[in-house]
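Structure file coords-v3.cif (mmCIF, C-alpha atoms, pLDDT in the B column; chains and numbers go by the auth columns) follows.
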data_data
loop_
_atom_site.group_PDB
_atom_site.id
_atom_site.type_symbol
_atom_site.label_atom_id
_atom_site.label_comp_id
_atom_site.label_asym_id
_atom_site.label_seq_id
_atom_site.Cartn_x
_atom_site.Cartn_y
_atom_site.Cartn_z
_atom_site.B_iso_or_equiv
_atom_site.auth_seq_id
_atom_site.auth_asym_id
ATOM 1 C CA ALA A 1 84.495 110.473 96.770 71.00 20 A
ATOM 2 C CA GLN A 2 81.220 108.758 96.118 78.00 21 A
ATOM 3 C CA SER A 3 78.689 108.107 98.810 87.00 22 A
ATOM 4 C CA VAL A 4 76.023 105.432 98.601 93.00 23 A
ATOM 5 C CA THR A 5 72.804 105.745 100.558 94.00 24 A
ATOM 6 C CA GLN A 6 70.488 102.879 101.296 95.00 25 A
ATOM 7 C CA LEU A 7 67.532 104.608 102.837 90.00 26 A
ATOM 8 C CA ASP A 8 66.060 101.618 104.640 93.00 27 A
ATOM 9 C CA SER A 9 68.130 99.695 107.141 93.00 28 A
ATOM 10 C CA GLN A 10 65.426 97.042 107.513 96.00 29 A
ATOM 11 C CA VAL A 11 62.541 96.011 105.269 97.00 30 A
ATOM 12 C CA PRO A 12 59.972 93.518 106.590 97.00 31 A
ATOM 13 C CA VAL A 13 57.735 91.949 103.961 97.00 32 A
ATOM 14 C CA PHE A 14 55.383 88.993 103.707 97.00 33 A
ATOM 15 C CA GLU A 15 56.153 86.052 101.465 97.00 34 A
ATOM 16 C CA GLU A 16 54.950 86.453 97.848 97.00 35 A
ATOM 17 C CA ALA A 17 54.670 90.235 98.226 97.00 36 A
ATOM 18 C CA PRO A 18 56.693 92.571 95.993 97.00 37 A
ATOM 19 C CA VAL A 19 59.673 94.437 97.413 97.00 38 A
ATOM 20 C CA GLU A 20 61.809 97.416 96.474 97.00 39 A
ATOM 21 C CA LEU A 21 65.142 98.194 98.130 98.00 40 A
ATOM 22 C CA ARG A 22 66.296 101.725 97.514 97.00 41 A
ATOM 23 C CA CYS A 23 69.770 102.936 96.650 97.00 42 A
ATOM 24 C CA ASN A 24 70.971 106.427 95.785 96.00 43 A
ATOM 25 C CA TYR A 25 74.499 107.545 95.042 94.00 44 A
ATOM 26 C CA SER A 26 76.059 110.957 95.161 90.00 45 A
ATOM 27 C CA SER A 27 77.835 111.594 91.883 77.00 46 A
ATOM 28 C CA SER A 28 76.351 111.898 88.427 66.00 47 A
ATOM 29 C CA VAL A 29 79.606 111.092 86.639 78.00 48 A
ATOM 30 C CA SER A 30 80.033 107.767 84.907 81.00 49 A
ATOM 31 C CA VAL A 31 79.762 104.873 87.382 86.00 50 A
ATOM 32 C CA TYR A 32 79.277 101.156 87.551 89.00 51 A
ATOM 33 C CA LEU A 33 76.498 99.971 89.861 92.00 52 A
ATOM 34 C CA PHE A 34 76.078 96.722 91.755 93.00 53 A
ATOM 35 C CA TRP A 35 73.806 94.890 94.128 96.00 54 A
ATOM 36 C CA TYR A 36 75.272 92.206 96.373 95.00 55 A
ATOM 37 C CA VAL A 37 73.461 89.852 98.735 96.00 56 A
ATOM 38 C CA GLN A 38 74.835 88.466 101.991 94.00 57 A
ATOM 39 C CA TYR A 39 73.146 85.466 103.559 92.00 58 A
ATOM 40 C CA PRO A 40 73.743 84.892 107.291 86.00 59 A
ATOM 41 C CA ASN A 41 77.363 84.060 108.098 80.00 60 A
ATOM 42 C CA GLN A 42 78.422 84.195 104.468 84.00 61 A
ATOM 43 C CA GLY A 43 80.358 86.531 102.203 87.00 62 A
ATOM 44 C CA LEU A 44 78.850 88.786 99.571 91.00 63 A
ATOM 45 C CA GLN A 45 77.424 87.323 96.375 91.00 64 A
ATOM 46 C CA LEU A 46 76.849 89.393 93.241 91.00 65 A
ATOM 47 C CA LEU A 47 73.143 89.741 92.395 95.00 66 A
ATOM 48 C CA LEU A 48 73.404 92.009 89.372 94.00 67 A
ATOM 49 C CA LYS A 49 75.391 94.846 87.893 92.00 68 A
ATOM 50 C CA TYR A 50 74.941 97.800 85.569 92.00 69 A
ATOM 51 C CA LEU A 51 77.888 98.807 83.413 88.00 70 A
ATOM 52 C CA SER A 52 76.198 100.393 80.374 86.00 71 A
ATOM 53 C CA GLY A 53 73.312 99.895 77.957 88.00 72 A
ATOM 54 C CA SER A 54 69.771 99.069 79.000 89.00 73 A
ATOM 55 C CA THR A 55 68.810 100.743 82.248 90.00 74 A
ATOM 56 C CA LEU A 56 66.837 97.704 83.410 95.00 75 A
ATOM 57 C CA VAL A 57 69.152 94.992 84.620 95.00 76 A
ATOM 58 C CA LYS A 58 68.087 91.467 85.468 96.00 77 A
ATOM 59 C CA GLY A 59 69.979 89.401 87.998 94.00 78 A
ATOM 60 C CA ILE A 60 69.878 86.075 89.738 92.00 79 A
ATOM 61 C CA ASN A 61 67.000 84.767 91.847 92.00 80 A
ATOM 62 C CA GLY A 62 64.399 86.880 90.016 95.00 81 A
ATOM 63 C CA PHE A 63 65.787 90.260 91.092 97.00 82 A
ATOM 64 C CA GLU A 64 66.055 93.264 88.808 97.00 83 A
ATOM 65 C CA ALA A 65 67.228 96.836 89.188 97.00 84 A
ATOM 66 C CA GLU A 66 66.710 100.030 87.266 95.00 85 A
ATOM 67 C CA PHE A 67 69.382 102.646 86.714 93.00 86 A
ATOM 68 C CA ASN A 68 68.038 106.189 86.785 92.00 87 A
ATOM 69 C CA LYS A 69 70.775 108.644 85.914 90.00 88 A
ATOM 70 C CA SER A 70 68.767 111.814 86.536 90.00 89 A
ATOM 71 C CA GLN A 71 67.837 110.670 90.032 91.00 90 A
ATOM 72 C CA THR A 72 71.193 108.929 90.659 92.00 91 A
ATOM 73 C CA SER A 73 69.328 105.865 91.842 94.00 92 A
ATOM 74 C CA PHE A 74 69.626 102.121 91.365 96.00 93 A
ATOM 75 C CA HIS A 75 66.683 100.527 93.154 97.00 94 A
ATOM 76 C CA LEU A 76 66.392 96.756 93.476 98.00 95 A
ATOM 77 C CA ARG A 77 63.050 95.028 92.955 97.00 96 A
ATOM 78 C CA LYS A 78 61.493 91.614 93.088 97.00 97 A
ATOM 79 C CA PRO A 79 57.825 91.011 92.201 97.00 98 A
ATOM 80 C CA SER A 80 57.331 88.125 94.633 97.00 99 A
ATOM 81 C CA VAL A 81 59.720 87.318 97.472 97.00 100 A
ATOM 82 C CA HIS A 82 60.420 83.976 99.127 96.00 101 A
ATOM 83 C CA ILE A 83 61.490 83.114 102.641 96.00 102 A
ATOM 84 C CA SER A 84 64.896 82.229 101.183 95.00 103 A
ATOM 85 C CA ASP A 85 65.388 85.871 100.126 96.00 104 A
ATOM 86 C CA THR A 86 65.878 86.830 103.763 96.00 105 A
ATOM 87 C CA ALA A 87 69.350 88.351 103.761 96.00 106 A
ATOM 88 C CA GLU A 88 71.205 91.638 103.810 95.00 107 A
ATOM 89 C CA TYR A 89 71.503 93.507 100.525 97.00 108 A
ATOM 90 C CA PHE A 90 74.274 95.941 99.668 95.00 109 A
ATOM 91 C CA CYS A 91 74.318 98.502 96.924 95.00 110 A
ATOM 92 C CA ALA A 92 77.758 99.445 95.584 93.00 111 A
ATOM 93 C CA VAL A 93 79.174 101.985 93.168 91.00 112 A
ATOM 94 C CA SER A 94 82.522 101.876 91.459 87.00 113 A
ATOM 95 C CA ASP A 95 84.608 104.220 89.374 81.00 114 A
ATOM 96 C CA PRO A 96 85.139 102.701 85.917 77.00 115 A
ATOM 97 C CA TYR A 97 88.633 104.202 85.775 78.00 116 A
ATOM 98 C CA ASN A 98 89.829 103.208 89.238 75.00 117 A
ATOM 99 C CA PHE A 99 89.221 99.575 90.163 70.00 118 A
ATOM 100 C CA ASN A 100 89.943 100.194 93.817 69.00 119 A
ATOM 101 C CA LYS A 101 87.290 102.897 94.118 75.00 120 A
ATOM 102 C CA PHE A 102 84.419 100.689 95.203 83.00 121 A
ATOM 103 C CA TYR A 103 81.896 102.248 97.567 88.00 122 A
ATOM 104 C CA PHE A 104 79.299 100.299 99.505 91.00 123 A
ATOM 105 C CA GLY A 105 76.068 101.367 101.107 93.00 124 A
ATOM 106 C CA SER A 106 75.323 100.506 104.719 93.00 125 A
ATOM 107 C CA GLY A 107 73.075 97.604 103.771 94.00 126 A
ATOM 108 C CA THR A 108 69.357 96.773 103.941 96.00 127 A
ATOM 109 C CA LYS A 109 68.174 93.748 105.864 96.00 128 A
ATOM 110 C CA LEU A 110 65.271 92.092 104.095 97.00 129 A
ATOM 111 C CA ASN A 111 63.143 89.996 106.422 97.00 130 A
ATOM 112 C CA VAL A 112 60.594 87.855 104.616 97.00 131 A
ATOM 113 C CA LYS A 113 57.816 86.599 106.857 96.00 132 A
ATOM 114 C CA PRO A 114 55.558 83.608 106.179 94.00 133 A
ATOM 115 C CA ASP B 1 83.438 79.548 89.458 66.00 11 B
ATOM 116 C CA VAL B 2 85.670 81.999 91.230 63.00 12 B
ATOM 117 C CA LYS B 3 86.588 80.781 94.643 89.00 13 B
ATOM 118 C CA VAL B 4 87.907 83.003 97.402 94.00 14 B
ATOM 119 C CA THR B 5 88.667 81.263 100.671 94.00 15 B
ATOM 120 C CA GLN B 6 89.558 82.664 104.052 95.00 16 B
ATOM 121 C CA SER B 7 91.558 80.648 106.547 89.00 17 B
ATOM 122 C CA SER B 8 89.190 81.016 109.479 91.00 18 B
ATOM 123 C CA ARG B 9 85.459 81.665 109.830 91.00 19 B
ATOM 124 C CA TYR B 10 85.744 82.656 113.494 94.00 20 B
ATOM 125 C CA LEU B 11 88.675 83.843 115.565 96.00 21 B
ATOM 126 C CA VAL B 12 88.988 84.887 119.187 97.00 22 B
ATOM 127 C CA LYS B 13 92.134 86.789 120.164 97.00 23 B
ATOM 128 C CA ARG B 14 93.346 88.788 123.120 97.00 24 B
ATOM 129 C CA THR B 15 94.281 92.455 123.141 97.00 25 B
ATOM 130 C CA GLY B 16 97.879 92.931 122.065 97.00 26 B
ATOM 131 C CA GLU B 17 98.165 89.688 120.104 97.00 27 B
ATOM 132 C CA LYS B 18 99.454 89.666 116.542 97.00 28 B
ATOM 133 C CA VAL B 19 96.734 88.339 114.263 97.00 29 B
ATOM 134 C CA PHE B 20 97.028 86.952 110.753 97.00 30 B
ATOM 135 C CA LEU B 21 94.034 86.646 108.432 97.00 31 B
ATOM 136 C CA GLU B 22 94.689 84.701 105.261 97.00 32 B
ATOM 137 C CA CYS B 23 92.903 84.891 101.942 97.00 33 B
ATOM 138 C CA VAL B 24 93.441 82.704 98.892 97.00 34 B
ATOM 139 C CA GLN B 25 91.838 82.991 95.449 96.00 35 B
ATOM 140 C CA ASP B 26 92.054 80.365 92.731 94.00 36 B
ATOM 141 C CA MET B 27 91.250 82.418 89.609 89.00 37 B
ATOM 142 C CA ASP B 28 94.594 84.076 88.969 91.00 38 B
ATOM 143 C CA HIS B 29 93.181 87.520 89.765 90.00 39 B
ATOM 144 C CA GLU B 30 95.605 90.399 89.913 90.00 40 B
ATOM 145 C CA ASN B 31 93.639 92.547 92.343 91.00 41 B
ATOM 146 C CA MET B 32 92.862 91.620 95.936 94.00 42 B
ATOM 147 C CA PHE B 33 91.174 93.566 98.718 94.00 43 B
ATOM 148 C CA TRP B 34 90.563 93.501 102.447 96.00 44 B
ATOM 149 C CA TYR B 35 87.428 95.083 103.889 96.00 45 B
ATOM 150 C CA ARG B 36 85.949 95.270 107.332 96.00 46 B
ATOM 151 C CA GLN B 37 82.204 95.141 107.780 93.00 47 B
ATOM 152 C CA ASP B 38 80.463 96.716 110.746 92.00 48 B
ATOM 153 C CA PRO B 39 76.721 97.031 111.372 88.00 49 B
ATOM 154 C CA GLY B 40 75.283 100.181 109.848 84.00 50 B
ATOM 155 C CA LEU B 41 78.568 101.117 108.180 87.00 51 B
ATOM 156 C CA GLY B 42 78.635 98.737 105.241 88.00 52 B
ATOM 157 C CA LEU B 43 82.051 97.675 103.970 91.00 53 B
ATOM 158 C CA ARG B 44 85.121 99.820 104.349 92.00 54 B
ATOM 159 C CA LEU B 45 88.330 99.214 102.427 92.00 55 B
ATOM 160 C CA ILE B 46 91.414 98.565 104.551 95.00 56 B
ATOM 161 C CA TYR B 47 94.048 97.724 101.928 95.00 57 B
ATOM 162 C CA PHE B 48 94.230 96.504 98.378 93.00 58 B
ATOM 163 C CA SER B 49 96.884 94.988 96.171 93.00 59 B
ATOM 164 C CA TYR B 50 97.150 95.112 92.391 90.00 60 B
ATOM 165 C CA ASP B 51 100.145 92.818 92.031 89.00 61 B
ATOM 166 C CA VAL B 52 102.544 90.659 94.001 91.00 62 B
ATOM 167 C CA LYS B 53 104.386 92.722 96.600 87.00 63 B
ATOM 168 C CA MET B 54 102.324 95.793 95.639 90.00 64 B
ATOM 169 C CA LYS B 55 99.888 97.301 98.115 92.00 65 B
ATOM 170 C CA GLU B 56 97.949 100.492 98.601 92.00 66 B
ATOM 171 C CA LYS B 57 96.150 101.893 101.614 93.00 67 B
ATOM 172 C CA GLY B 58 92.394 102.026 101.539 91.00 68 B
ATOM 173 C CA ASP B 59 90.134 104.203 103.646 89.00 69 B
ATOM 174 C CA ILE B 60 90.926 102.774 107.106 94.00 70 B
ATOM 175 C CA PRO B 61 94.471 101.308 107.130 95.00 71 B
ATOM 176 C CA GLU B 62 95.417 102.363 110.671 95.00 72 B
ATOM 177 C CA GLY B 63 96.328 99.405 112.853 96.00 73 B
ATOM 178 C CA TYR B 64 96.632 97.029 109.903 97.00 74 B
ATOM 179 C CA SER B 65 99.273 95.865 107.474 97.00 75 B
ATOM 180 C CA VAL B 66 99.172 93.444 104.554 97.00 76 B
ATOM 181 C CA SER B 67 101.412 91.034 102.718 96.00 77 B
ATOM 182 C CA ARG B 68 101.235 89.654 99.202 96.00 78 B
ATOM 183 C CA GLU B 69 104.126 87.338 98.493 94.00 79 B
ATOM 184 C CA LYS B 70 102.253 85.195 95.980 95.00 80 B
ATOM 185 C CA LYS B 71 99.600 86.167 93.474 94.00 81 B
ATOM 186 C CA GLU B 72 96.912 83.947 94.965 95.00 82 B
ATOM 187 C CA ARG B 73 97.411 84.893 98.609 96.00 83 B
ATOM 188 C CA PHE B 74 96.740 88.155 100.418 97.00 84 B
ATOM 189 C CA SER B 75 97.249 88.374 104.171 97.00 85 B
ATOM 190 C CA LEU B 76 95.898 90.948 106.593 97.00 86 B
ATOM 191 C CA ILE B 77 97.945 91.504 109.741 97.00 87 B
ATOM 192 C CA LEU B 78 96.837 93.136 112.963 97.00 88 B
ATOM 193 C CA GLU B 79 100.159 93.995 114.583 94.00 89 B
ATOM 194 C CA SER B 80 98.681 94.456 118.052 96.00 90 B
ATOM 195 C CA ALA B 81 94.999 93.604 118.183 97.00 91 B
ATOM 196 C CA SER B 82 92.657 95.971 119.974 97.00 92 B
ATOM 197 C CA THR B 83 89.032 95.601 120.978 97.00 93 B
ATOM 198 C CA ASN B 84 87.946 98.162 118.377 96.00 94 B
ATOM 199 C CA GLN B 85 89.167 95.769 115.699 97.00 95 B
ATOM 200 C CA THR B 86 86.442 93.308 116.588 97.00 96 B
ATOM 201 C CA SER B 87 84.618 93.001 113.284 96.00 97 B
ATOM 202 C CA MET B 88 83.826 90.890 110.242 94.00 98 B
ATOM 203 C CA TYR B 89 86.690 90.873 107.748 96.00 99 B
ATOM 204 C CA LEU B 90 86.000 90.200 104.093 95.00 100 B
ATOM 205 C CA CYS B 91 88.521 89.438 101.398 96.00 101 B
ATOM 206 C CA ALA B 92 87.767 90.010 97.712 94.00 102 B
ATOM 207 C CA SER B 93 89.514 89.625 94.389 92.00 103 B
ATOM 208 C CA SER B 94 88.979 90.913 90.865 89.00 104 B
ATOM 209 C CA PRO B 95 90.642 90.381 87.510 85.00 105 B
ATOM 210 C CA VAL B 96 92.297 93.136 85.527 76.00 106 B
ATOM 211 C CA GLU B 97 89.868 92.585 82.661 67.00 107 B
ATOM 212 C CA PRO B 98 87.026 92.943 83.314 65.00 108 B
ATOM 213 C CA GLN B 99 87.883 94.535 86.623 62.00 109 B
ATOM 214 C CA GLU B 100 84.477 95.827 87.439 70.00 110 B
ATOM 215 C CA THR B 101 83.303 92.918 89.600 81.00 111 B
ATOM 216 C CA GLN B 102 84.725 91.885 92.953 87.00 112 B
ATOM 217 C CA TYR B 103 84.358 88.321 94.224 90.00 113 B
ATOM 218 C CA PHE B 104 84.145 87.811 97.963 93.00 114 B
ATOM 219 C CA GLY B 105 85.228 85.178 100.423 94.00 115 B
ATOM 220 C CA PRO B 106 82.970 83.948 103.254 92.00 116 B
ATOM 221 C CA GLY B 107 84.425 86.309 105.816 94.00 117 B
ATOM 222 C CA THR B 108 86.268 85.956 109.126 95.00 118 B
ATOM 223 C CA ARG B 109 84.476 87.095 112.252 94.00 119 B
ATOM 224 C CA LEU B 110 87.139 88.321 114.671 97.00 120 B
ATOM 225 C CA LEU B 111 86.512 88.922 118.346 97.00 121 B
ATOM 226 C CA VAL B 112 89.242 90.696 120.305 97.00 122 B
ATOM 227 C CA LEU B 113 88.896 90.369 124.061 96.00 123 B
#
Take the structure in the file and give it back as structure tokens.
Amino acid sequence: AQSVTQLDSQVPVFEEAPVELRCNYSSSVSVYLFWYVQYPNQGLQLLLKYLSGSTLVKGINGFEAEFNKSQTSFHLRKPSVHISDTAEYFCAVSDPYNFNKFYFGSGTKLNVKP
Amino acid sequence: DVKVTQSSRYLVKRTGEKVFLECVQDMDHENMFWYRQDPGLGLRLIYFSYDVKMKEKGDIPEGYSVSREKKERFSLILESASTNQTSMYLCASSPVEPQETQYFGPGTRLLVL
């Protein structure tokens, strides 16, 4: 089974600063990769996904992520964060051949300070 | 837009009660899922269903059962609630094609006293 590691449980950052949220997964076989965001008291919303093709993926709200197969990583970045980006972010990995095999990381809480 | 709704945002139940959590999706998705979310553990799959009346156990099915009588509705049942089932419960759905993306409901925060 896959495992997904989000190295930072909390990331404090000042408004307008850049941010990177790290995600590593265990297996180097073919995978789909996702980032979801969860605002307080809400469900998960898809930010972006990598299925194939270009390793740099752009998502909503100015976020992007880069797939690095050799390092089995899929780090999320934003060049300038806003207060409204304060939320918890989850990295997820799925098996392209088994729709129910969807593995989530433990989450990273992004706290944007004014 | 895909819409996944859950019947309650917050629930308080007593130990031993039978608890029903309801999930409805309006996009005719074949696949539906129930997860529980706990701090520091991310999301863990309880059960999923790939068709009406079809269900499969996920990673942590103990203490739970599910029901899918209609395509749009997937229910999670706690037969006899226990305090260790206090958690946030998230429902999700996905189509068969493309099945790579799951769409989530707002969650039900359950407190078992």
| said: Please find the residues of chain A near chain B - the criterion being any atom within 7 Å, counting all atoms listed in the file - and write them as a list in words. | reply: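 On the chain A side, the interface is Gln61, Gly62, Leu63, Gln64, Phe118, Phe123, Gly124, Ser125 and Gly126 of chain A.
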Evaluate the PyMOL selection byres ((chain B and resi 37) around 10) here and jot the selected residues down as a short mmCIF file (atom, residue, chain, number, x, y, z; two decimals) with C-alpha atoms, in the frame of the given file.
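Writing done, so here's result.cif:
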data_model
loop_
_atom_site.label_atom_id
_atom_site.label_comp_id
_atom_site.auth_asym_id
_atom_site.auth_seq_id
_atom_site.Cartn_x
_atom_site.Cartn_y
_atom_site.Cartn_z
CA ASP B 11 83.44 79.55 89.46
CA VAL B 12 85.67 82.00 91.23
CA LYS B 13 86.59 80.78 94.64
CA VAL B 14 87.91 83.00 97.40
CA VAL B 34 93.44 82.70 98.89
CA GLN B 35 91.84 82.99 95.45
CA ASP B 36 92.05 80.36 92.73
CA ASP B 38 94.59 84.08 88.97
CA HIS B 39 93.18 87.52 89.76
CA GLU B 40 95.60 90.40 89.91
CA LYS B 81 99.60 86.17 93.47
CA GLU B 82 96.91 83.95 94.96
CA SER B 103 89.51 89.62 94.39
CA SER B 104 88.98 90.91 90.86
CA PRO B 105 90.64 90.38 87.51
#
| Of the candidates A:Gln29, A:Ser113, A:Thr105, A:Thr74, which shows the shortest atom-to-atom distance to Tyr51 of chain A, using only C-alpha atoms? |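 Comparing A:Gln29, A:Ser113, A:Thr105, A:Thr74 against Tyr51 of chain A, the winner is A:Ser113.
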| Looking at A:Gln21, A:Tyr69, A:Pro31, A:Phe121, which one is nearest to Glu107 of chain A, with distances taken over only C-alpha atoms? |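 With only C-alpha atoms as the atom set, the closest residue is A:Pro31.
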| request: Evaluate the PyMOL selection byres ((chain A and resi 52) around 9) here and jot the selected residues down as number ranges by chain. | output: A: 50-51, 53-54, 67-70, 86, 93, 110-113
Writer output for current selection, C-alpha atoms, as a PDB file, in the frame of the given file:
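Just written: part14.pdb:
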ATOM      1  CA  VAL A  50      79.762 104.873  87.382  1.00 86.00           C
ATOM      2  CA  TYR A  51      79.277 101.156  87.551  1.00 89.00           C
ATOM      3  CA  PHE A  53      76.078  96.722  91.755  1.00 93.00           C
ATOM      4  CA  TRP A  54      73.806  94.890  94.128  1.00 96.00           C
ATOM      5  CA  LEU A  67      73.404  92.009  89.372  1.00 94.00           C
ATOM      6  CA  LYS A  68      75.391  94.846  87.893  1.00 92.00           C
ATOM      7  CA  TYR A  69      74.941  97.800  85.569  1.00 92.00           C
ATOM      8  CA  LEU A  70      77.888  98.807  83.413  1.00 88.00           C
ATOM      9  CA  PHE A  86      69.382 102.646  86.714  1.00 93.00           C
ATOM     10  CA  PHE A  93      69.626 102.121  91.365  1.00 96.00           C
ATOM     11  CA  CYS A 110      74.318  98.502  96.924  1.00 95.00           C
ATOM     12  CA  ALA A 111      77.758  99.445  95.584  1.00 93.00           C
ATOM     13  CA  VAL A 112      79.174 101.985  93.168  1.00 91.00           C
ATOM     14  CA  SER A 113      82.522 101.876  91.459  1.00 87.00           C
TER      15      SER A 113
END
| query | Care to translate the PyMOL selection byres ((chain A and resi 88-90) around 12) into actual residues of this file, as a VMD selection string? | reply | chain A and resid 41 to 52 69 71 73 to 75 85 to 87 91 to 94
Please define a box with edges along x, y and z of the file around all atoms of segment 26-29 of chain B given in the file, extend it by 8 Å on each side, and return its centre and edge lengths in Å to one decimal, as AutoDock Vina command-line options.
--center_x 98.1 --center_y 90.6 --center_z 118.2 --size_x 18.7 --size_y 20.6 --size_z 23.8
| query | What is the distance, in Å and to one decimal place, between atom CA of Glu34 of chain A and atom CA of Pro59 of chain A? | reply |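 Between atom CA of Glu34 of chain A and atom CA of Pro59 of chain A the gap is 18.6 Å.
Taking atom CA of Lys80 of chain B and atom CA of Ser92 of chain B as endpoints, the distance between them is 28.0 Å.
Computed from the coordinates, the atom CA of Ala20 of chain A to atom CA of Thr127 of chain A distance equals 21.6 Å.
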Applying 10 Å and all atoms listed in the file, which residues near Ser103 of chain A remain after dropping the ones on its own chain fewer than 2 positions away? List them as a PDB file with C-alpha atoms, in the frame of the given file.
ATOM      1  CA  GLU A  34      56.153  86.052 101.465  1.00 97.00           C
ATOM      2  CA  TYR A  58      73.146  85.466 103.559  1.00 92.00           C
ATOM      3  CA  ASN A  80      67.000  84.767  91.847  1.00 92.00           C
ATOM      4  CA  VAL A 100      59.720  87.318  97.472  1.00 97.00           C
ATOM      5  CA  HIS A 101      60.420  83.976  99.127  1.00 96.00           C
ATOM      6  CA  THR A 105      65.878  86.830 103.763  1.00 96.00           C
ATOM      7  CA  ALA A 106      69.350  88.351 103.761  1.00 96.00           C
ATOM      8  CA  ASN A 130      63.143  89.996 106.422  1.00 97.00           C
ATOM      9  CA  VAL A 131      60.594  87.855 104.616  1.00 97.00           C
TER      10      VAL A 131
END
| task | In the coordinate frame of the file, compute which residues have an atom within 8 Å of (94.8, 90.5, 121.9) when using all atoms listed in the file, and state them as a PyMOL selection string. | result | chain B and resi 23-28+90-93+122-123
Could you write segment 44-56 of chain B as a compact mmCIF listing (two decimals), keeping the file's coordinate frame, with N, CA, C and O atoms rebuilt where they are missing?
# COMPACT_ATOMS: atom_id res chain seq x y z
N TRP B 44 91.05 93.81 101.11
CA TRP B 44 90.56 93.50 102.45
C TRP B 44 89.61 94.61 102.89
O TRP B 44 89.95 95.80 102.82
N TYR B 45 88.43 94.17 103.35
CA TYR B 45 87.43 95.08 103.89
C TYR B 45 87.11 94.67 105.31
O TYR B 45 87.23 93.50 105.69
N ARG B 46 86.61 95.62 106.10
CA ARG B 46 85.95 95.27 107.33
C ARG B 46 84.49 95.71 107.24
O ARG B 46 84.19 96.74 106.62
N GLN B 47 83.64 94.89 107.84
CA GLN B 47 82.20 95.14 107.78
C GLN B 47 81.68 95.31 109.19
O GLN B 47 81.84 94.43 110.03
N ASP B 48 81.05 96.43 109.45
CA ASP B 48 80.46 96.72 110.75
C ASP B 48 79.01 97.11 110.56
O ASP B 48 78.66 97.79 109.57
N PRO B 49 78.16 96.73 111.50
CA PRO B 49 76.72 97.03 111.37
C PRO B 49 76.46 98.51 111.15
O PRO B 49 77.00 99.37 111.86
N GLY B 50 75.66 98.80 110.14
CA GLY B 50 75.28 100.18 109.85
C GLY B 50 76.32 100.98 109.09
O GLY B 50 76.06 102.12 108.69
N LEU B 51 77.50 100.40 108.89
CA LEU B 51 78.57 101.12 108.18
C LEU B 51 78.89 100.51 106.83
O LEU B 51 79.70 101.05 106.07
N GLY B 52 78.32 99.39 106.51
CA GLY B 52 78.64 98.74 105.24
C GLY B 52 80.06 98.19 105.26
O GLY B 52 80.58 97.80 106.30
N LEU B 53 80.68 98.16 104.10
CA LEU B 53 82.05 97.68 103.97
C LEU B 53 83.00 98.85 103.79
O LEU B 53 82.71 99.76 103.02
N ARG B 54 84.11 98.78 104.49
CA ARG B 54 85.12 99.82 104.35
C ARG B 54 86.45 99.18 103.96
O ARG B 54 86.85 98.17 104.55
N LEU B 55 87.11 99.78 102.99
CA LEU B 55 88.33 99.21 102.43
C LEU B 55 89.52 99.49 103.34
O LEU B 55 89.80 100.64 103.69
N ILE B 56 90.24 98.43 103.70
CA ILE B 56 91.41 98.56 104.55
C ILE B 56 92.67 98.71 103.69
O ILE B 56 93.43 99.68 103.82
